[in-house]
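Engineer: What follows is input_5.txt, made up of compact mmCIF, C-alpha atoms:
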# COMPACT_ATOMS: atom_id res chain seq x y z
CA MET A 6 113.50 -81.16 -2.33
CA ASN A 7 112.36 -78.73 0.34
CA GLY A 8 114.51 -75.94 1.61
CA ALA A 9 112.53 -72.86 0.55
CA PRO A 10 112.91 -70.01 2.99
CA SER A 11 110.12 -70.37 5.58
CA THR A 12 109.96 -66.80 6.79
CA GLY A 13 109.80 -63.40 5.17
CA THR A 14 107.92 -62.32 2.08
CA ILE A 15 108.50 -64.94 -0.58
CA VAL A 16 108.09 -64.34 -4.29
CA GLN A 17 107.86 -67.48 -6.39
CA PHE A 18 110.03 -67.35 -9.50
CA TRP A 19 108.62 -69.86 -11.99
CA TYR A 20 111.00 -70.69 -14.80
CA GLU A 21 111.40 -73.09 -17.71
CA PHE A 22 114.91 -73.80 -18.95
CA ALA A 23 113.91 -73.35 -22.59
CA SER A 24 112.33 -69.95 -21.90
CA THR A 25 114.44 -67.19 -23.36
CA TYR A 26 113.33 -64.37 -21.06
CA SER A 27 113.84 -66.66 -18.06
CA TYR A 28 117.59 -66.37 -18.69
CA PRO A 29 117.99 -62.69 -17.71
CA ALA A 30 115.41 -63.25 -14.99
CA ALA A 31 117.42 -66.07 -13.44
CA MET A 32 120.58 -63.97 -13.56
CA ARG A 33 118.97 -60.90 -11.97
CA VAL A 34 116.12 -62.14 -9.78
CA GLU A 35 118.10 -62.29 -6.54
CA ALA A 36 119.22 -58.67 -6.90
CA SER A 37 115.70 -57.57 -7.78
CA ALA A 38 114.29 -59.33 -4.73
CA ALA A 39 117.00 -58.08 -2.41
CA ALA A 40 116.31 -54.49 -3.48
CA GLN A 41 112.80 -54.88 -2.06
CA GLY A 42 113.77 -57.01 0.93
CA VAL A 43 111.89 -60.05 -0.32
CA VAL A 44 113.04 -63.62 -0.82
CA VAL A 45 113.00 -65.80 -3.95
CA SER A 46 111.57 -69.30 -4.16
CA TRP A 47 112.96 -71.06 -7.25
CA ARG A 48 110.18 -72.97 -9.03
CA PRO A 49 111.18 -74.99 -12.09
CA PHE A 50 108.36 -76.29 -14.29
CA LEU A 51 107.69 -77.39 -17.86
CA LEU A 52 105.86 -75.30 -20.42
CA GLY A 53 105.54 -78.19 -22.87
CA PRO A 54 102.42 -79.73 -21.30
CA ILE A 55 100.80 -76.29 -20.99
CA PHE A 56 101.54 -75.46 -24.62
CA ALA A 57 100.34 -78.91 -25.70
CA GLU A 58 96.87 -78.15 -24.33
CA LEU A 59 96.76 -75.22 -26.78
CA GLY A 60 97.69 -77.58 -29.59
CA TRP A 61 101.24 -76.25 -29.82
CA THR A 62 104.06 -78.68 -30.47
CA THR A 63 106.91 -76.19 -30.21
CA SER A 64 107.67 -72.72 -28.89
CA PRO A 65 105.24 -69.97 -29.94
CA PHE A 66 108.37 -68.13 -31.12
CA ASN A 67 108.78 -70.86 -33.74
CA LEU A 68 105.07 -70.99 -34.56
CA GLN A 69 104.98 -67.21 -35.13
CA PRO A 70 108.14 -66.32 -37.08
CA ALA A 71 107.67 -62.53 -36.88
CA LYS A 72 107.25 -62.74 -33.12
CA GLY A 73 110.26 -65.03 -32.93
CA ARG A 74 112.48 -62.65 -34.89
CA TYR A 75 111.41 -59.83 -32.62
CA MET A 76 112.04 -61.84 -29.47
CA TRP A 77 115.64 -62.68 -30.40
CA ARG A 78 116.38 -59.03 -31.09
CA ASP A 79 114.60 -57.86 -27.93
CA LEU A 80 116.47 -60.43 -25.86
CA ALA A 81 119.79 -59.31 -27.34
CA ARG A 82 118.96 -55.71 -26.37
CA ILE A 83 118.05 -56.79 -22.83
CA CYS A 84 121.22 -58.83 -22.41
CA ALA A 85 123.34 -55.94 -23.68
CA ARG A 86 121.68 -53.60 -21.19
CA GLU A 87 122.08 -56.09 -18.35
CA GLY A 88 125.69 -56.85 -19.18
CA LEU A 89 124.88 -60.48 -19.96
CA ALA A 90 126.47 -62.54 -22.72
CA PHE A 91 124.05 -63.92 -25.27
CA VAL A 92 124.14 -66.66 -27.88
CA ARG A 93 121.10 -68.17 -29.52
CA PRO A 94 120.61 -71.80 -28.49
CA GLU A 95 120.63 -74.37 -31.28
CA PRO A 96 118.30 -76.10 -31.55
CA PHE A 97 115.62 -73.93 -30.03
CA PRO A 98 113.86 -74.84 -27.87
CA GLN A 99 116.20 -77.16 -26.01
CA ASN A 100 114.93 -80.36 -24.42
CA THR A 101 114.67 -79.30 -20.78
CA LEU A 102 113.08 -82.30 -19.09
CA LEU A 103 116.25 -83.62 -17.43
CA ALA A 104 117.52 -80.18 -16.41
CA ALA A 105 114.18 -79.41 -14.79
CA ARG A 106 114.21 -82.71 -12.92
CA VAL A 107 117.73 -82.05 -11.66
CA ALA A 108 116.63 -78.62 -10.44
CA MET A 109 113.72 -80.27 -8.63
CA ALA A 110 116.14 -82.71 -7.02
CA LEU A 111 118.01 -79.85 -5.39
CA PRO A 112 116.73 -77.98 -2.34
CA ASP A 113 114.94 -74.72 -3.11
CA GLY A 114 117.41 -72.03 -2.14
CA ALA A 115 121.03 -71.23 -2.85
CA GLN A 116 121.94 -74.58 -4.39
CA ARG A 117 118.99 -74.74 -6.78
CA ALA A 118 119.62 -71.10 -7.66
CA ALA A 119 123.29 -71.73 -8.44
CA PHE A 120 122.48 -74.77 -10.58
CA THR A 121 119.73 -72.88 -12.41
CA ARG A 122 122.00 -69.98 -13.24
CA ALA A 123 124.73 -72.36 -14.39
CA VAL A 124 122.31 -74.11 -16.76
CA TYR A 125 121.10 -70.82 -18.25
CA GLN A 126 124.70 -69.72 -18.69
CA ALA A 127 125.56 -72.98 -20.42
CA GLU A 128 122.59 -72.49 -22.73
CA PHE A 129 122.66 -68.76 -23.47
CA GLU A 130 126.30 -67.81 -22.87
CA LEU A 131 128.11 -70.91 -24.09
CA GLY A 132 125.57 -72.34 -26.53
CA LEU A 133 125.75 -75.81 -24.99
CA THR A 134 123.10 -78.51 -25.19
CA ILE A 135 121.48 -78.57 -21.77
CA SER A 136 120.03 -82.06 -22.12
CA ASP A 137 123.62 -83.32 -22.08
CA HIS A 138 124.62 -85.16 -18.89
CA THR A 139 128.11 -83.65 -18.88
CA VAL A 140 126.73 -80.13 -19.16
CA LEU A 141 124.36 -80.79 -16.28
CA ALA A 142 127.08 -82.40 -14.19
CA ASN A 143 129.25 -79.32 -14.71
CA ALA A 144 126.35 -77.09 -13.67
CA LEU A 145 125.88 -79.22 -10.56
CA ALA A 146 129.57 -78.90 -9.75
CA GLN A 147 129.18 -75.13 -9.90
CA ALA A 148 126.34 -75.53 -7.39
CA GLY A 149 128.55 -77.54 -5.02
CA ASP A 150 127.25 -81.00 -6.02
CA VAL A 151 130.57 -82.28 -7.35
CA GLU A 152 129.39 -85.90 -7.26
CA ALA A 153 126.36 -85.01 -9.42
CA GLU A 154 124.16 -86.73 -6.87
CA ALA A 155 121.16 -84.70 -8.09
CA LEU A 156 121.60 -86.16 -11.57
CA ARG A 157 120.99 -89.61 -10.12
CA LEU A 158 118.05 -88.40 -8.01
CA ALA A 159 116.55 -86.78 -11.09
CA GLU A 160 115.68 -90.22 -12.45
CA THR A 161 113.80 -91.34 -9.32
CA PRO A 162 110.00 -91.51 -9.24
CA ASP A 163 109.79 -88.97 -6.41
CA VAL A 164 111.55 -86.27 -8.40
CA LYS A 165 109.70 -87.06 -11.60
CA LEU A 166 106.40 -86.79 -9.73
CA ALA A 167 107.49 -83.60 -8.02
CA LEU A 168 108.17 -81.93 -11.37
CA ARG A 169 104.87 -83.13 -12.75
CA ALA A 170 103.09 -81.77 -9.65
CA ALA A 171 104.88 -78.43 -10.03
CA THR A 172 103.79 -78.16 -13.65
CA GLU A 173 100.20 -78.98 -12.68
CA GLU A 174 100.37 -76.38 -9.93
CA ALA A 175 101.67 -73.83 -12.42
CA GLN A 176 98.75 -74.54 -14.71
CA ALA A 177 96.26 -74.37 -11.84
CA VAL A 178 97.64 -71.01 -10.75
CA GLY A 179 97.12 -69.73 -14.29
CA LEU A 180 100.66 -69.71 -15.66
CA PHE A 181 100.91 -69.66 -19.44
CA GLY A 182 104.52 -68.58 -19.94
CA ALA A 183 107.82 -67.98 -18.22
CA PRO A 184 109.26 -66.35 -16.32
CA THR A 185 106.31 -65.71 -14.05
CA PHE A 186 106.53 -64.24 -10.58
CA VAL A 187 103.82 -65.02 -8.01
CA THR A 188 103.50 -62.88 -4.90
CA PRO A 189 102.18 -64.12 -1.52
CA ASP A 190 98.77 -62.58 -2.22
CA GLY A 191 98.51 -64.49 -5.49
CA GLU A 192 99.31 -61.79 -8.04
CA LEU A 193 100.92 -63.01 -11.25
CA PHE A 194 103.61 -61.04 -13.06
CA TRP A 195 104.67 -62.47 -16.40
CA GLY A 196 107.93 -61.63 -18.09
CA PHE A 197 111.37 -60.34 -17.22
CA ASP A 198 109.97 -56.84 -17.69
CA ARG A 199 107.58 -57.37 -14.76
CA MET A 200 110.18 -58.73 -12.33
CA ASP A 201 110.91 -55.52 -10.43
CA GLU A 202 107.20 -54.70 -10.33
CA ALA A 203 106.49 -58.11 -8.78
CA MET A 204 109.07 -57.58 -6.05
CA ALA A 205 107.73 -54.11 -5.26
CA TRP A 206 104.19 -55.47 -5.18
CA ALA A 207 105.20 -58.23 -2.77
CA ARG A 208 106.90 -55.79 -0.44
CA ASN A 209 103.87 -53.55 -0.32
CA ALA A 210 101.21 -56.25 -0.06
CA ASP A 211 100.32 -57.66 3.32
CA THR A 212 102.91 -60.26 4.16
CA ILE A 213 101.46 -63.72 3.85
CA ARG A 214 103.65 -66.62 4.80
CA VAL A 215 103.98 -69.26 2.12
CA GLU A 216 104.58 -72.82 3.14
CA PRO A 217 107.93 -74.13 1.98
CA ARG A 218 107.61 -76.62 -0.84
CA MET B 18 96.07 -38.02 -45.03
CA ASN B 19 99.59 -36.66 -44.79
CA GLY B 20 100.65 -34.24 -42.15
CA ALA B 21 103.27 -36.25 -40.27
CA PRO B 22 106.02 -34.05 -38.92
CA SER B 23 108.71 -33.83 -41.60
CA THR B 24 111.67 -32.95 -39.44
CA GLY B 25 113.14 -34.21 -36.22
CA THR B 26 113.48 -37.76 -34.99
CA ILE B 27 110.19 -39.52 -35.64
CA VAL B 28 109.04 -42.63 -33.83
CA GLN B 29 106.18 -44.47 -35.50
CA PHE B 30 103.47 -45.49 -33.06
CA TRP B 31 101.55 -48.37 -34.64
CA TYR B 32 98.22 -49.05 -32.97
CA GLU B 33 95.05 -51.10 -33.44
CA PHE B 34 91.89 -49.84 -31.78
CA ALA B 35 91.04 -53.30 -30.40
CA SER B 36 94.48 -53.68 -28.83
CA THR B 37 94.26 -53.40 -25.08
CA TYR B 38 97.82 -52.27 -24.37
CA SER B 39 97.49 -49.68 -27.14
CA TYR B 40 95.10 -47.79 -24.87
CA PRO B 41 97.65 -46.69 -22.23
CA ALA B 42 100.17 -46.24 -25.05
CA ALA B 43 97.89 -43.82 -26.90
CA MET B 44 97.26 -41.87 -23.73
CA ARG B 45 100.94 -41.58 -22.77
CA VAL B 46 102.93 -41.73 -26.01
CA GLU B 47 103.18 -37.97 -26.51
CA ALA B 48 104.61 -37.46 -23.03
CA SER B 49 107.03 -40.34 -23.50
CA ALA B 50 108.23 -38.91 -26.80
CA ALA B 51 108.49 -35.36 -25.48
CA ALA B 52 110.66 -36.55 -22.60
CA GLN B 53 113.24 -37.69 -25.18
CA GLY B 54 112.74 -34.82 -27.60
CA VAL B 55 111.35 -37.05 -30.33
CA VAL B 56 108.15 -36.79 -32.35
CA VAL B 57 105.30 -39.29 -32.74
CA SER B 58 103.87 -40.43 -36.05
CA TRP B 59 100.41 -41.97 -35.47
CA ARG B 60 100.04 -45.17 -37.53
CA PRO B 61 96.67 -46.93 -37.34
CA PHE B 62 96.51 -50.45 -38.78
CA LEU B 63 94.52 -53.66 -38.47
CA LEU B 64 95.71 -56.75 -36.66
CA GLY B 65 92.91 -58.93 -38.04
CA PRO B 66 94.58 -59.71 -41.38
CA ILE B 67 97.89 -60.43 -39.62
CA PHE B 68 96.22 -62.75 -37.11
CA ALA B 69 94.24 -64.42 -39.90
CA GLU B 70 97.49 -65.54 -41.53
CA LEU B 71 98.24 -67.44 -38.31
CA GLY B 72 94.83 -69.07 -38.53
CA TRP B 73 93.41 -66.99 -35.71
CA THR B 74 89.84 -65.75 -35.96
CA THR B 75 89.83 -63.68 -32.77
CA SER B 76 92.21 -62.10 -30.28
CA PRO B 77 94.93 -64.38 -28.87
CA PHE B 78 93.63 -63.28 -25.47
CA ASN B 79 90.40 -65.08 -26.30
CA LEU B 80 92.18 -68.08 -27.82
CA GLN B 81 94.36 -68.48 -24.72
CA PRO B 82 92.06 -67.98 -21.71
CA ALA B 83 94.84 -68.03 -19.08
CA LYS B 84 96.77 -65.39 -21.00
CA GLY B 85 93.58 -63.38 -21.42
CA ARG B 86 92.80 -63.45 -17.70
CA TYR B 87 96.33 -62.31 -16.97
CA MET B 88 96.18 -59.52 -19.54
CA TRP B 89 93.01 -57.98 -18.08
CA ARG B 90 94.55 -57.97 -14.62
CA ASP B 91 97.88 -56.62 -15.88
CA LEU B 92 96.11 -53.89 -17.83
CA ALA B 93 94.09 -52.90 -14.76
CA ARG B 94 97.33 -52.60 -12.78
CA ILE B 95 98.90 -50.46 -15.51
CA CYS B 96 95.88 -48.17 -15.74
CA ALA B 97 95.82 -47.75 -11.97
CA ARG B 98 99.49 -46.83 -11.99
CA GLU B 99 99.05 -44.44 -14.91
CA GLY B 100 95.95 -42.80 -13.42
CA LEU B 101 93.78 -44.00 -16.30
CA ALA B 102 90.19 -45.16 -15.98
CA PHE B 103 89.56 -48.71 -17.16
CA VAL B 104 86.53 -50.73 -18.14
CA ARG B 105 86.63 -53.96 -20.08
CA PRO B 106 85.11 -53.56 -23.56
CA GLU B 107 82.13 -55.77 -24.37
CA PRO B 108 82.33 -57.49 -26.72
CA PHE B 109 86.07 -57.98 -26.94
CA PRO B 110 87.59 -57.43 -29.39
CA GLN B 111 85.59 -54.56 -30.83
CA ASN B 112 85.08 -54.21 -34.58
CA THR B 113 87.64 -51.54 -35.39
CA LEU B 114 87.52 -51.30 -39.18
CA LEU B 115 85.57 -48.05 -39.39
CA ALA B 116 87.45 -46.37 -36.54
CA ALA B 117 90.76 -47.22 -38.21
CA ARG B 118 89.54 -45.82 -41.53
CA VAL B 119 88.43 -42.61 -39.85
CA ALA B 120 91.86 -42.30 -38.22
CA MET B 121 93.46 -42.78 -41.66
CA ALA B 122 91.22 -40.05 -43.05
CA LEU B 123 92.67 -37.53 -40.60
CA PRO B 124 96.09 -35.94 -41.06
CA ASP B 125 98.86 -37.61 -39.07
CA GLY B 126 99.55 -35.24 -36.22
CA ALA B 127 97.51 -33.47 -33.56
CA GLN B 128 94.10 -34.15 -35.07
CA ARG B 129 94.64 -37.88 -35.62
CA ALA B 130 96.14 -38.07 -32.14
CA ALA B 131 93.14 -36.36 -30.54
CA PHE B 132 90.69 -38.60 -32.40
CA THR B 133 92.67 -41.71 -31.49
CA ARG B 134 92.73 -40.85 -27.80
CA ALA B 135 89.01 -40.07 -27.86
CA VAL B 136 88.25 -43.47 -29.40
CA TYR B 137 90.35 -45.31 -26.81
CA GLN B 138 88.65 -43.35 -24.05
CA ALA B 139 85.22 -44.21 -25.45
CA GLU B 140 86.23 -47.86 -25.53
CA PHE B 141 88.21 -48.30 -22.31
CA GLU B 142 86.89 -45.53 -20.06
CA LEU B 143 83.23 -45.38 -21.09
CA GLY B 144 82.70 -48.92 -22.40
CA LEU B 145 81.12 -47.68 -25.64
CA THR B 146 80.92 -49.57 -28.92
CA ILE B 147 83.52 -47.97 -31.17
CA SER B 148 82.02 -49.24 -34.41
CA ASP B 149 79.05 -46.96 -33.68
CA HIS B 150 78.80 -43.90 -35.96
CA THR B 151 77.65 -41.65 -33.11
CA VAL B 152 80.58 -42.67 -30.94
CA LEU B 153 83.00 -41.95 -33.77
CA ALA B 154 81.30 -38.64 -34.58
CA ASN B 155 81.70 -37.61 -30.94
CA ALA B 156 85.36 -38.60 -31.04
CA LEU B 157 85.79 -36.53 -34.19
CA ALA B 158 84.15 -33.56 -32.51
CA GLN B 159 86.72 -33.84 -29.73
CA ALA B 160 89.37 -33.70 -32.44
CA GLY B 161 87.91 -30.54 -33.92
CA ASP B 162 86.03 -32.19 -36.80
CA VAL B 163 82.56 -31.15 -35.63
CA GLU B 164 80.99 -31.92 -39.04
CA ALA B 165 82.38 -35.50 -38.93
CA GLU B 166 83.86 -34.94 -42.36
CA ALA B 167 86.38 -37.73 -41.72
CA LEU B 168 83.53 -40.18 -41.19
CA ARG B 169 82.41 -39.53 -44.76
CA LEU B 170 85.97 -39.73 -46.11
CA ALA B 171 86.44 -43.03 -44.30
CA GLU B 172 84.12 -44.71 -46.82
CA THR B 173 86.05 -43.50 -49.87
CA PRO B 174 88.30 -45.87 -51.86
CA ASP B 175 91.38 -43.74 -51.17
CA VAL B 176 91.09 -44.11 -47.42
CA LYS B 177 90.17 -47.78 -47.58
CA LEU B 178 93.24 -48.42 -49.73
CA ALA B 179 95.43 -46.33 -47.44
CA LEU B 180 94.45 -48.45 -44.45
CA ARG B 181 95.04 -51.64 -46.38
CA ALA B 182 98.47 -50.35 -47.45
CA ALA B 183 99.31 -49.43 -43.86
CA THR B 184 98.41 -52.91 -42.69
CA GLU B 185 100.53 -54.45 -45.44
CA GLU B 186 103.40 -52.16 -44.48
CA ALA B 187 103.04 -53.21 -40.85
CA GLN B 188 103.27 -56.83 -41.84
CA ALA B 189 106.26 -56.19 -44.11
CA VAL B 190 108.07 -54.39 -41.29
CA GLY B 191 107.50 -57.44 -39.07
CA LEU B 192 104.72 -56.26 -36.80
CA PHE B 193 102.78 -59.03 -35.08
CA GLY B 194 101.01 -57.08 -32.32
CA ALA B 195 100.23 -53.65 -30.98
CA PRO B 196 101.29 -51.23 -29.81
CA THR B 197 104.58 -51.32 -31.69
CA PHE B 198 107.05 -48.47 -31.87
CA VAL B 199 109.43 -48.22 -34.84
CA THR B 200 112.47 -45.96 -34.64
CA PRO B 201 114.11 -44.22 -37.63
CA ASP B 202 116.82 -46.89 -37.79
CA GLY B 203 114.19 -49.63 -38.04
CA GLU B 204 114.21 -51.02 -34.49
CA LEU B 205 110.92 -52.53 -33.33
CA PHE B 206 109.68 -52.17 -29.78
CA TRP B 207 106.52 -54.12 -28.99
CA GLY B 208 104.26 -53.32 -26.07
CA PHE B 209 103.40 -50.44 -23.79
CA ASP B 210 106.23 -51.61 -21.56
CA ARG B 211 108.75 -50.88 -24.33
CA MET B 212 107.48 -47.37 -25.14
CA ASP B 213 109.98 -45.36 -23.11
CA GLU B 214 112.80 -47.63 -24.30
CA ALA B 215 111.81 -46.96 -27.91
CA MET B 216 111.90 -43.20 -27.41
CA ALA B 217 115.28 -43.34 -25.69
CA TRP B 218 116.61 -45.57 -28.47
CA ALA B 219 115.40 -43.12 -31.13
CA ARG B 220 117.04 -40.19 -29.38
CA ASN B 221 120.36 -41.98 -29.13
CA ALA B 222 120.40 -43.51 -32.62
CA ASP B 223 121.68 -41.47 -35.55
CA THR B 224 118.85 -39.26 -36.65
CA ILE B 225 117.40 -40.49 -39.91
CA ARG B 226 114.71 -38.41 -41.52
CA VAL B 227 111.54 -40.31 -42.26
CA GLU B 228 109.39 -39.21 -45.16
CA PRO B 229 105.95 -38.08 -44.07
CA ARG B 230 103.23 -40.52 -45.04
What is this structure when it is put down as structure tokens?
Structural biologist:
Amino acid sequence: MNGAPSTGTIVQFWYEFASTYSYPAAMRVEASAAAQGVVVSWRPFLLGPIFAELGWTTSPFNLQPAKGRYMWRDLARICAREGLAFVRPEPFPQNTLLAARVAMALPDGAQRAAFTRAVYQAEFELGLTISDHTVLANALAQAGDVEAEALRLAETPDVKLALRAATEEAQAVGLFGAPTFVTPDGELFWGFDRMDEAMAWARNADTIRVEPR
Amino acid sequence: MNGAPSTGTIVQFWYEFASTYSYPAAMRVEASAAAQGVVVSWRPFLLGPIFAELGWTTSPFNLQPAKGRYMWRDLARICAREGLAFVRPEPFPQNTLLAARVAMALPDGAQRAAFTRAVYQAEFELGLTISDHTVLANALAQAGDVEAEALRLAETPDVKLALRAATEEAQAVGLFGAPTFVTPDGELFWGFDRMDEAMAWARNADTIRVEPR
């Protein structure tokens, strides 16, 4: 599960597969990072346990209908501007536990990135159900894992524990939503609209090496 | 209480005096609008009744401590970038009922704008209590109302009803937070980080005249 780049200025990109604004972030984060000469670490986690501590049993966009209506419109505007296709997932939010475990089973780096993008595209471009094994196997194939080996690994205790540890780390760091970008000096930047700012911050801050995870 | 510009492309700037991101918005909205050749209508309202319908008795930044911690840091970064002073109001949120009524008592336009900025500066630059009559009288003086006539009007039934109507309008339009920018074609843009986008949208959309309020 390791494989994160060990040198250079690393910005952690924390994402949850059900998070709507994580979709454009996943599709554009590499370009945003490259523009500032920094490197992305791909950090899947689950928002469910964090929301549960607030007493929430579903997405805040479902709990607050006005905010939800706004979000779908805002996301459509963003996708149009970014040249990204957009369909609204049904149901929303999707069950993302297996997809997140599969992402954890892949090495941080190009392969996890490719799988992550493929899952978001399945969800937000094609309207597919991302808890479906076939959908995940296809996403793995796009990431070069044609045997879907990571789908088998996803069910092992090591990977399950790794995802739980990542979610606990996210909570300890102070994450409350996704996407969130964390710079080497510990700054948090929440939201697709803070992505470029995070990368610029990381470039300008003193470079602190982050241990690969 | 009228006085909104009656011609040109008008973007409604909806603000709540307790709203943290409304502070940089109030200080920069005129410049943002001018850059796109559009005009600002200043729309004070109350978030309290809207939050109350969600069962909230205080700011979501208090209800969600991690989100609150992030917000204060994010706001400090924004103020630094914008060259704005920043102190954290105590207590947070402030009681904003009287300030909002005073704003309603002023004509929409330069005088309401000047009062609004002066209140935000009292709150976020000087750390003053904006429910205080003296603070509001000083803000009115900065807006040219040296006799604090608007402070007297603020207690009249007409102004109280006008603020209640504005808050009901905000809710009907779908507002759930502040600042929110509403363009002539009915698009909503929520947050200081959407301000420039709202102005650009308004300039590019077909110009629809909005009746002064």
Engineer: Within 7 Å of chain B, which residues of chain A come that close, and what is the closest atom pair and distance in Å for each? Count only C-alpha atoms and give it as JSON lines.
Structural biologist:
{"residue": "A:Ala71", "atom": "CA", "partner": "B:Gly191", "partner_atom": "CA", "distance": 5.5}
{"residue": "A:Lys72", "atom": "CA", "partner": "B:Phe193", "partner_atom": "CA", "distance": 6.1}
{"residue": "A:Gly179", "atom": "CA", "partner": "B:Ala83", "partner_atom": "CA", "distance": 5.6}
{"residue": "A:Leu180", "atom": "CA", "partner": "B:Ala83", "partner_atom": "CA", "distance": 7.0}
{"residue": "A:Phe181", "atom": "CA", "partner": "B:Lys84", "partner_atom": "CA", "distance": 6.1}
Engineer: Step by step, gather every atom of range 103-107 of chain B that the file lists, find the box along x, y and z that holds them, add 4 Å on each side, and finally give centre and edge lengths in Å to one decimal, as AutoDock Vina command-line options.
Structural biologist:
--center_x 85.8 --center_y -52.2 --center_z -20.8 --size_x 15.4 --size_y 15.1 --size_z 15.2
Engineer: Fewer than 4 positions away in the same chain doesn't count, so skip those; otherwise give me all residues within 10 Å of Leu131 in chain A, counting all atoms listed in the file, as a list in words.
Structural biologist: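 In the requested format, the answer is Ala90, Phe91, Val92, Arg93, Pro94, Val124, Tyr125, Gln126 and Ala127 of chain A.
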Engineer: Suppose we keep C-alpha atoms; can you now write the selection as a compact mmCIF listing (two decimals), keeping the file's coordinate frame?
Structural biologist:
# COMPACT_ATOMS: atom_id res chain seq x y z
CA ALA A 90 126.47 -62.54 -22.72
CA PHE A 91 124.05 -63.92 -25.27
CA VAL A 92 124.14 -66.66 -27.88
CA ARG A 93 121.10 -68.17 -29.52
CA PRO A 94 120.61 -71.80 -28.49
CA VAL A 124 122.31 -74.11 -16.76
CA TYR A 125 121.10 -70.82 -18.25
CA GLN A 126 124.70 -69.72 -18.69
CA ALA A 127 125.56 -72.98 -20.42
Engineer: So, counting all atoms listed in the file, which residue among A:Ala210, A:Ala105, A:Pro162, A:Arg157 is closest to Ile135 in chain A?
Structural biologist: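 Under the stated criterion, the closest residue is A:Ala105.
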Engineer: Find the residues around range 28-32 of chain B up to 6 Å (all atoms listed in the file counted), leave out those fewer than 2 positions away in its own chain, and share them as a VMD selection string.
Structural biologist: chain B and resid 39 57 to 61 195 to 200
Engineer: Interatomic distance between CA of Gly65 in chain B and CA of Ala48 in chain B?
Structural biologist: 28.7 Å
Engineer: Between CA of Gly54 in chain B and CA of Arg220 in chain B, what is the spacing in Å?
Structural biologist: 7.1 Å
Engineer: Up to 6 Å from (111.8, -74.0, -19.9) in the file's coordinates: name the residues, counting all atoms listed in the file, as a list in words.
Structural biologist: Glu21, Phe22, Ala23, Ser24 and Leu51 of chain A
Engineer: Counting all atoms listed in the file, what is within 10 Å of Arg129 in chain B, bar same-chain residues fewer than 2 positions away, as a PDB file with C-alpha atoms, keeping the file's coordinate frame?
Structural biologist:
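Result file is part02.pdb:
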ATOM      1  CA  MET B  18      96.070 -38.020 -45.030  1.00  0.00           C
ATOM      2  CA  GLY B  20     100.650 -34.240 -42.150  1.00  0.00           C
ATOM      3  CA  ALA B  21     103.270 -36.250 -40.270  1.00  0.00           C
ATOM      4  CA  SER B  58     103.870 -40.430 -36.050  1.00  0.00           C
ATOM      5  CA  TRP B  59     100.410 -41.970 -35.470  1.00  0.00           C
ATOM      6  CA  ARG B  60     100.040 -45.170 -37.530  1.00  0.00           C
ATOM      7  CA  PRO B  61      96.670 -46.930 -37.340  1.00  0.00           C
ATOM      8  CA  VAL B 119      88.430 -42.610 -39.850  1.00  0.00           C
ATOM      9  CA  ALA B 120      91.860 -42.300 -38.220  1.00  0.00           C
ATOM     10  CA  MET B 121      93.460 -42.780 -41.660  1.00  0.00           C
ATOM     11  CA  ALA B 122      91.220 -40.050 -43.050  1.00  0.00           C
ATOM     12  CA  LEU B 123      92.670 -37.530 -40.600  1.00  0.00           C
ATOM     13  CA  PRO B 124      96.090 -35.940 -41.060  1.00  0.00           C
ATOM     14  CA  ASP B 125      98.860 -37.610 -39.070  1.00  0.00           C
ATOM     15  CA  GLY B 126      99.550 -35.240 -36.220  1.00  0.00           C
ATOM     16  CA  ALA B 127      97.510 -33.470 -33.560  1.00  0.00           C
ATOM     17  CA  ALA B 131      93.140 -36.360 -30.540  1.00  0.00           C
ATOM     18  CA  PHE B 132      90.690 -38.600 -32.400  1.00  0.00           C
ATOM     19  CA  THR B 133      92.670 -41.710 -31.490  1.00  0.00           C
ATOM     20  CA  ARG B 134      92.730 -40.850 -27.800  1.00  0.00           C
ATOM     21  CA  ALA B 135      89.010 -40.070 -27.860  1.00  0.00           C
ATOM     22  CA  LEU B 157      85.790 -36.530 -34.190  1.00  0.00           C
ATOM     23  CA  ALA B 160      89.370 -33.700 -32.440  1.00  0.00           C
TER      24      ALA B 160
END
Engineer: Quick one, how far is CA of Ala159 in chain A from CA of Asn100 in chain A?
Structural biologist: 14.9 Å
